[in-house]
file target-v1.cif (mmCIF, C-alpha atoms)
data_entry
#
loop_
_atom_site.label_atom_id
_atom_site.label_comp_id
_atom_site.auth_asym_id
_atom_site.auth_seq_id
_atom_site.Cartn_x
_atom_site.Cartn_y
_atom_site.Cartn_z
CA PRO P 110 170.47 100.18 105.42
CA LEU P 111 168.90 103.38 104.23
CA GLU P 112 169.86 105.20 107.44
CA ASN P 113 173.51 104.29 106.81
CA HIS P 114 173.29 105.91 103.39
CA HIS P 115 171.60 109.00 104.81
CA VAL P 116 174.25 109.70 107.42
CA ALA P 117 177.08 109.00 104.97
CA SER P 118 175.50 111.38 102.45
CA PHE P 119 175.18 114.05 105.13
CA PHE P 120 178.89 114.00 105.90
CA ALA P 121 179.85 113.79 102.23
CA LEU P 122 177.72 116.83 101.41
CA THR P 123 178.64 118.82 104.50
CA LEU P 124 182.38 118.21 104.49
CA GLY P 125 182.66 118.31 100.71
CA THR P 126 180.75 121.54 100.12
CA PRO P 127 182.32 124.62 101.75
CA GLU P 128 179.16 126.73 101.53
CA ALA P 129 177.17 123.92 103.22
CA ASN P 130 179.74 122.98 105.84
CA ILE P 131 178.12 123.69 109.20
CA LEU P 132 180.97 121.94 111.02
CA THR P 133 183.79 124.36 110.25
CA GLY P 134 183.85 125.78 113.77
CA PHE P 135 184.68 122.48 115.45
CA GLY P 136 188.16 121.27 116.31
CA ASP P 137 189.31 117.75 115.44
CA THR P 138 188.40 116.26 118.82
CA GLU P 139 184.99 117.94 118.91
CA LEU P 140 184.29 116.96 115.32
CA ARG P 141 185.08 113.29 115.97
CA SER P 142 182.81 113.29 119.02
CA LEU P 143 180.00 115.05 117.15
CA ARG P 144 180.34 112.70 114.18
CA THR P 145 179.99 109.66 116.44
CA LYS P 146 176.89 111.10 118.13
CA ILE P 147 175.26 111.95 114.80
CA ILE P 148 175.92 108.43 113.51
CA GLN P 149 174.57 106.80 116.68
CA THR P 150 171.48 108.99 116.67
CA VAL P 151 170.58 108.57 113.00
CA LEU P 152 171.20 104.81 112.95
CA SER P 153 168.85 104.42 115.91
CA THR P 154 165.94 105.21 113.57
CA ASP P 155 166.50 101.94 111.68
CA LEU P 156 163.37 99.86 112.37
CA ILE P 157 165.52 96.79 112.87
CA GLN P 158 166.53 98.36 116.20
CA HIS P 159 163.16 99.81 117.20
CA PHE P 160 162.08 97.28 119.82
CA LYS P 161 165.53 97.06 121.32
CA TYR P 162 165.68 100.83 121.90
CA LEU P 163 162.14 100.79 123.25
CA GLU P 164 163.09 98.12 125.79
CA VAL P 165 166.23 99.97 126.84
CA PHE P 166 164.29 103.21 127.31
CA LYS P 167 161.51 101.46 129.25
CA ASN P 168 164.03 99.81 131.57
CA ALA P 169 165.90 103.09 132.11
CA VAL P 170 162.67 104.86 133.06
CA ALA P 171 161.41 102.02 135.26
CA SER P 172 164.73 101.72 137.11
CA LYS P 173 165.13 105.51 137.35
CA SER P 174 168.62 105.14 135.90
CA LEU P 175 168.40 108.13 133.56
CA ASP P 176 171.11 110.52 134.70
CA TYR P 177 171.42 113.63 132.57
CA SER P 178 175.01 114.13 133.73
CA LYS P 179 176.03 110.84 132.10
CA PRO P 180 176.82 110.70 128.36
CA GLU P 181 174.99 107.39 127.87
CA SER P 182 171.76 108.83 129.27
CA VAL P 183 172.04 111.95 127.11
CA LEU P 184 172.71 109.81 124.02
CA LEU P 185 169.72 107.56 124.74
CA LEU P 186 167.44 110.60 125.05
CA MET P 187 168.81 111.99 121.78
CA GLN P 188 168.10 108.66 120.09
CA VAL P 189 164.56 108.42 121.47
CA ILE P 190 163.83 112.01 120.43
CA MET P 191 165.07 111.22 116.93
CA LYS P 192 162.99 108.05 116.79
CA LEU P 193 159.85 109.88 117.93
CA SER P 194 160.51 112.56 115.33
CA ASP P 195 160.76 109.79 112.74
CA VAL P 196 157.39 108.17 113.55
CA ASN P 197 155.44 111.12 114.97
CA ASN P 198 152.89 111.60 112.19
CA PRO P 199 149.99 110.07 114.22
CA MET P 200 150.79 112.57 116.98
CA LYS P 201 149.94 115.52 114.74
CA SER P 202 146.45 116.96 114.45
CA ASN P 203 144.08 114.70 112.55
CA GLU P 204 143.86 116.96 109.52
CA LEU P 205 147.63 117.33 109.18
CA SER P 206 148.28 113.67 109.97
CA ARG P 207 145.84 112.53 107.28
CA ARG P 208 147.58 114.73 104.69
CA TRP P 209 150.95 113.14 105.46
CA THR P 210 149.37 109.68 105.54
CA SER P 211 148.09 110.24 102.00
CA LEU P 212 151.59 111.14 100.86
CA ILE P 213 153.29 108.12 102.45
CA MET P 214 150.61 105.75 101.17
CA GLU P 215 151.08 107.11 97.64
CA GLU P 216 154.79 106.38 98.06
CA PHE P 217 153.94 102.83 99.16
CA TRP P 218 151.64 102.36 96.17
CA GLN P 219 154.29 103.61 93.77
CA GLN P 220 156.60 100.96 95.17
CA GLY P 221 153.84 98.39 94.69
CA ASP P 222 153.41 99.55 91.09
CA LYS P 223 157.13 99.04 90.53
CA GLU P 224 157.05 95.59 92.13
CA ALA P 225 154.15 94.60 89.87
CA GLU P 226 155.98 95.95 86.84
CA MET P 227 158.99 93.80 87.73
CA GLY P 228 156.83 90.72 88.28
CA ALA P 229 157.70 90.64 91.97
CA PRO P 230 155.20 89.98 94.78
CA ILE P 231 153.58 93.21 95.90
CA SER P 232 154.41 94.05 99.52
CA MET P 233 151.61 94.26 102.05
CA PHE P 234 149.74 97.59 102.04
CA MET P 235 151.43 98.56 98.76
CA GLU P 236 148.71 97.37 96.36
CA ARG P 237 146.90 100.54 95.31
CA HIS P 238 143.91 98.64 93.91
CA THR P 239 143.14 97.06 97.30
CA PRO P 240 144.17 99.80 99.75
CA GLN P 241 144.11 99.04 103.46
CA VAL P 242 145.03 102.44 104.83
CA PRO P 243 143.05 102.25 108.10
CA LYS P 244 144.47 98.82 108.97
CA CYS P 245 147.97 100.00 108.13
CA GLN P 246 147.65 103.08 110.33
CA CYS P 247 146.14 101.16 113.24
CA GLY P 248 149.04 98.74 113.19
CA PHE P 249 151.59 101.53 112.90
CA ILE P 250 150.14 103.33 115.91
CA SER P 251 149.59 100.22 118.05
CA PHE P 252 152.93 98.51 117.49
CA LEU P 253 155.42 101.29 116.86
CA VAL P 254 154.25 104.75 117.91
CA LYS P 255 152.10 104.32 121.01
CA PRO P 256 154.49 102.14 123.05
CA LEU P 257 157.43 104.51 122.56
CA ALA P 258 155.37 107.68 122.96
CA GLY P 259 153.78 106.28 126.11
CA VAL P 260 157.13 105.80 127.83
CA TRP P 261 158.28 109.26 126.77
CA ASN P 262 155.05 110.80 128.06
CA ALA P 263 155.60 109.18 131.46
CA VAL P 264 158.87 111.11 131.84
CA PHE P 265 158.27 114.21 129.73
CA PRO P 266 154.49 114.74 129.54
CA VAL P 267 153.12 115.71 126.14
CA PRO P 268 149.36 115.55 126.75
CA GLU P 269 148.35 117.34 123.56
CA LEU P 270 150.39 114.99 121.39
CA MET P 271 149.08 111.92 123.23
CA ALA P 272 145.52 113.20 122.75
CA ASN P 273 146.23 113.53 119.01
CA LEU P 274 147.55 109.98 118.99
CA THR P 275 144.37 108.68 120.58
CA ASP P 276 142.18 110.72 118.22
CA ASN P 277 144.03 109.46 115.16
CA PHE P 278 143.87 105.84 116.29
CA GLU P 279 140.15 106.13 116.88
CA TYR P 280 139.68 107.83 113.50
CA TRP P 281 141.39 105.00 111.62
CA ASN P 282 139.95 102.27 113.84
CA ARG P 283 136.40 103.30 112.95
CA GLN P 284 137.20 102.68 109.30
CA VAL P 285 138.79 99.25 109.57
CA VAL P 286 136.86 96.60 107.64
CA PRO P 287 135.48 94.10 108.51
CA ALA P 288 136.20 94.71 112.21
CA PRO P 289 138.01 97.39 114.20
CA CYS P 290 141.49 96.46 115.26
CA GLY P 291 140.68 97.43 118.83
CA PRO P 292 142.79 99.19 121.46
CA GLN P 293 145.22 96.33 121.95
CA ALA P 294 147.81 94.96 119.56
CA PRO P 295 147.35 91.29 118.59
CA ALA P 296 149.06 88.88 120.95
CA THR P 297 152.34 87.34 119.93
CA PRO P 298 151.85 83.75 118.69
CA ASN P 299 153.14 81.13 121.10
CA ASN P 300 156.91 80.70 121.02
CA GLU P 301 157.36 83.53 118.54
CA LYS P 302 160.44 85.58 119.32
CA PRO P 303 160.11 89.38 119.41
CA GLY P 304 162.43 89.60 116.43
CA ARG P 305 160.09 87.53 114.29
CA LYS P 306 157.07 89.45 115.52
CA ALA P 307 158.81 92.68 114.61
CA SER P 308 159.42 91.30 111.12
CA ARG P 309 155.72 90.66 110.58
CA ILE P 310 154.80 94.08 111.92
CA SER P 311 157.35 96.03 109.93
CA LYS P 312 156.48 94.25 106.69
CA GLY P 313 152.82 95.01 107.30
CA LEU P 314 153.63 98.65 107.79
CA GLY P 315 155.40 99.07 104.50
CA ALA P 316 158.87 98.04 105.59
CA ALA P 317 158.82 94.69 103.84
CA ALA P 318 162.45 94.92 102.90
CA VAL P 319 163.52 95.04 106.54
CA SER P 320 164.30 91.69 108.11
CA PHE P 321 164.20 91.66 111.89
CA ARG P 322 166.49 89.22 113.64
CA GLY P 323 167.87 88.94 117.10
CA ASN P 324 167.51 87.35 120.46
CA ARG P 325 164.73 87.71 122.96
CA ILE P 326 164.95 91.02 124.80
CA GLY P 327 164.90 90.53 128.55
CA PRO P 328 164.50 92.80 131.54
CA GLN P 329 168.25 93.26 131.89
CA THR P 330 168.63 95.13 128.62
CA SER P 331 170.57 98.29 129.46
CA PHE P 332 172.52 101.20 128.06
CA GLN P 333 175.65 99.09 128.02
CA SER P 334 174.05 96.18 126.19
CA MET P 335 173.21 98.47 123.30
CA GLY P 336 176.90 98.98 122.61
CA SER P 337 178.12 101.96 120.64
CA ALA P 338 178.00 102.82 116.98
CA ASN P 339 181.14 102.00 115.09
CA ASP P 340 182.13 104.45 112.39
CA SER P 341 183.05 101.49 110.20
CA THR P 342 179.34 100.70 109.87
CA VAL P 343 178.85 103.90 107.92
CA GLU P 344 179.83 104.30 104.29
CA GLU P 345 183.19 105.96 103.86
CA VAL P 346 182.95 109.63 102.95
#

call {"tool": "encode", "arguments": {"input": "target-v1.cif", "output": "structure tokens"}}
result
Amino acid sequence: PLENHHVASFFALTLGTPEANILTGFGDTELRSLRTKIIQTVLSTDLIQHFKYLEVFKNAVASKSLDYSKPESVLLLMQVIMKLSDVNNPMKSNELSRRWTSLIMEEFWQQGDKEAEMGAPISMFMERHTPQVPKCQCGFISFLVKPLAGVWNAVFPVPELMANLTDNFEYWNRQVVPAPCGPQAPATPNNEKPGRKASRISKGLGAAAVSFRGNRIGPQTSFQSMGSANDSTVEEV
């Protein structure tokens, strides 16, 4: 995945460029530990894992099992912070959020232009001649941003950011044609597994190349069930 490439490129650039090497002060043991944490944190932003991490975080908060003295709790918080940083645009002020939305939609449309040039089907929301920006943003907020931000806000209140999120949803919702998408996300079709639902959502939000698979996520999902990142999953540097 793209995240795999990003983290591999980071280590290749950092370790291979003396003037850019910010890791020179670490010993071998510290460097190995830091490398593992960076890999685990960056790979958590892969949308294929989004709903799994959301469920783990929700369960940890509900069960009050977050313990900041335990490495697994600290790692989970690092991963959630990174994920929120990755999808936080709707939590910015409306003016700033709309500027970034314009930039990402232009990127989507350029991909759609390339798909059309190649004779391939144009991915949803990537056809510049029939833009659906409000619908795209409503879905992004409802399915991806709001659920994760809501759990975070319950533990670490961020009222201003949550107010921005509500304002931005309402802004885009007023513009949806022919009907507003409403405050609630569409229900999951009967017998549809969360993995398949995530596939439809991610494709509709401009992540058409991502294929979500996996088993149903139950209430017992925990830190341990997430496993740990294996360095072998990252490109060799």

call {"tool": "atom_distance", "arguments": {"input": "target-v1.cif", "atom1": "atom CA of Val285 of chain P", "atom2": "atom CA of Pro256 of chain P"}}
result
20.9 Å

call {"tool": "residues_around", "arguments": {"input": "target-v1.cif", "residues": "segment 235-242 of chain P", "least_positions_apart": "2", "cutoff": "8 Å", "atoms": "only C-alpha atoms", "output": "PyMOL selection string"}}
result
chain P and resi 214+217-222+231-233+244-246+315

call {"tool": "resolve_selection", "arguments": {"input": "target-v1.cif", "expression": "the PyMOL selection byres ((chain P and resi 182-199) around 10)", "output": "VMD selection string"}}
result
chain P and resid 146 to 147 149 to 156 159 162 to 163 165 to 166 169 174 to 181 200 to 203 205 to 210 246 to 247 249 to 250 253 to 255 257 to 258 261 270 to 271 273 to 278 332 335

call {"tool": "write_last_selection", "arguments": {"input": "target-v1.cif", "atoms": "C-alpha atoms", "output": "PDB file, in the frame of the given file"}}
result
ATOM      1  CA  LYS P 146     176.890 111.100 118.130  1.00  0.00           C
ATOM      2  CA  ILE P 147     175.260 111.950 114.800  1.00  0.00           C
ATOM      3  CA  GLN P 149     174.570 106.800 116.680  1.00  0.00           C
ATOM      4  CA  THR P 150     171.480 108.990 116.670  1.00  0.00           C
ATOM      5  CA  VAL P 151     170.580 108.570 113.000  1.00  0.00           C
ATOM      6  CA  LEU P 152     171.200 104.810 112.950  1.00  0.00           C
ATOM      7  CA  SER P 153     168.850 104.420 115.910  1.00  0.00           C
ATOM      8  CA  THR P 154     165.940 105.210 113.570  1.00  0.00           C
ATOM      9  CA  ASP P 155     166.500 101.940 111.680  1.00  0.00           C
ATOM     10  CA  LEU P 156     163.370  99.860 112.370  1.00  0.00           C
ATOM     11  CA  HIS P 159     163.160  99.810 117.200  1.00  0.00           C
ATOM     12  CA  TYR P 162     165.680 100.830 121.900  1.00  0.00           C
ATOM     13  CA  LEU P 163     162.140 100.790 123.250  1.00  0.00           C
ATOM     14  CA  VAL P 165     166.230  99.970 126.840  1.00  0.00           C
ATOM     15  CA  PHE P 166     164.290 103.210 127.310  1.00  0.00           C
ATOM     16  CA  ALA P 169     165.900 103.090 132.110  1.00  0.00           C
ATOM     17  CA  SER P 174     168.620 105.140 135.900  1.00  0.00           C
ATOM     18  CA  LEU P 175     168.400 108.130 133.560  1.00  0.00           C
ATOM     19  CA  ASP P 176     171.110 110.520 134.700  1.00  0.00           C
ATOM     20  CA  TYR P 177     171.420 113.630 132.570  1.00  0.00           C
ATOM     21  CA  SER P 178     175.010 114.130 133.730  1.00  0.00           C
ATOM     22  CA  LYS P 179     176.030 110.840 132.100  1.00  0.00           C
ATOM     23  CA  PRO P 180     176.820 110.700 128.360  1.00  0.00           C
ATOM     24  CA  GLU P 181     174.990 107.390 127.870  1.00  0.00           C
ATOM     25  CA  MET P 200     150.790 112.570 116.980  1.00  0.00           C
ATOM     26  CA  LYS P 201     149.940 115.520 114.740  1.00  0.00           C
ATOM     27  CA  SER P 202     146.450 116.960 114.450  1.00  0.00           C
ATOM     28  CA  ASN P 203     144.080 114.700 112.550  1.00  0.00           C
ATOM     29  CA  LEU P 205     147.630 117.330 109.180  1.00  0.00           C
ATOM     30  CA  SER P 206     148.280 113.670 109.970  1.00  0.00           C
ATOM     31  CA  ARG P 207     145.840 112.530 107.280  1.00  0.00           C
ATOM     32  CA  ARG P 208     147.580 114.730 104.690  1.00  0.00           C
ATOM     33  CA  TRP P 209     150.950 113.140 105.460  1.00  0.00           C
ATOM     34  CA  THR P 210     149.370 109.680 105.540  1.00  0.00           C
ATOM     35  CA  GLN P 246     147.650 103.080 110.330  1.00  0.00           C
ATOM     36  CA  CYS P 247     146.140 101.160 113.240  1.00  0.00           C
ATOM     37  CA  PHE P 249     151.590 101.530 112.900  1.00  0.00           C
ATOM     38  CA  ILE P 250     150.140 103.330 115.910  1.00  0.00           C
ATOM     39  CA  LEU P 253     155.420 101.290 116.860  1.00  0.00           C
ATOM     40  CA  VAL P 254     154.250 104.750 117.910  1.00  0.00           C
ATOM     41  CA  LYS P 255     152.100 104.320 121.010  1.00  0.00           C
ATOM     42  CA  LEU P 257     157.430 104.510 122.560  1.00  0.00           C
ATOM     43  CA  ALA P 258     155.370 107.680 122.960  1.00  0.00           C
ATOM     44  CA  TRP P 261     158.280 109.260 126.770  1.00  0.00           C
ATOM     45  CA  LEU P 270     150.390 114.990 121.390  1.00  0.00           C
ATOM     46  CA  MET P 271     149.080 111.920 123.230  1.00  0.00           C
ATOM     47  CA  ASN P 273     146.230 113.530 119.010  1.00  0.00           C
ATOM     48  CA  LEU P 274     147.550 109.980 118.990  1.00  0.00           C
ATOM     49  CA  THR P 275     144.370 108.680 120.580  1.00  0.00           C
ATOM     50  CA  ASP P 276     142.180 110.720 118.220  1.00  0.00           C
ATOM     51  CA  ASN P 277     144.030 109.460 115.160  1.00  0.00           C
ATOM     52  CA  PHE P 278     143.870 105.840 116.290  1.00  0.00           C
ATOM     53  CA  PHE P 332     172.520 101.200 128.060  1.00  0.00           C
ATOM     54  CA  MET P 335     173.210  98.470 123.300  1.00  0.00           C
TER      55      MET P 335
END

call {"tool": "atom_distance", "arguments": {"input": "target-v1.cif", "atom1": "atom CA of Arg144 of chain P", "atom2": "atom CA of Asn262 of chain P"}}
result
28.9 Å

call {"tool": "atom_distance", "arguments": {"input": "target-v1.cif", "atom1": "atom CA of Ile148 of chain P", "atom2": "atom CA of His114 of chain P"}}
result
10.8 Å

call {"tool": "resolve_selection", "arguments": {"input": "target-v1.cif", "expression": "the PyMOL selection byres ((chain P and resi 119-134) around 10)", "output": "PyMOL selection string"}}
result
chain P and resi 114-118+135-137+139-140+143-144+147-148+344-346
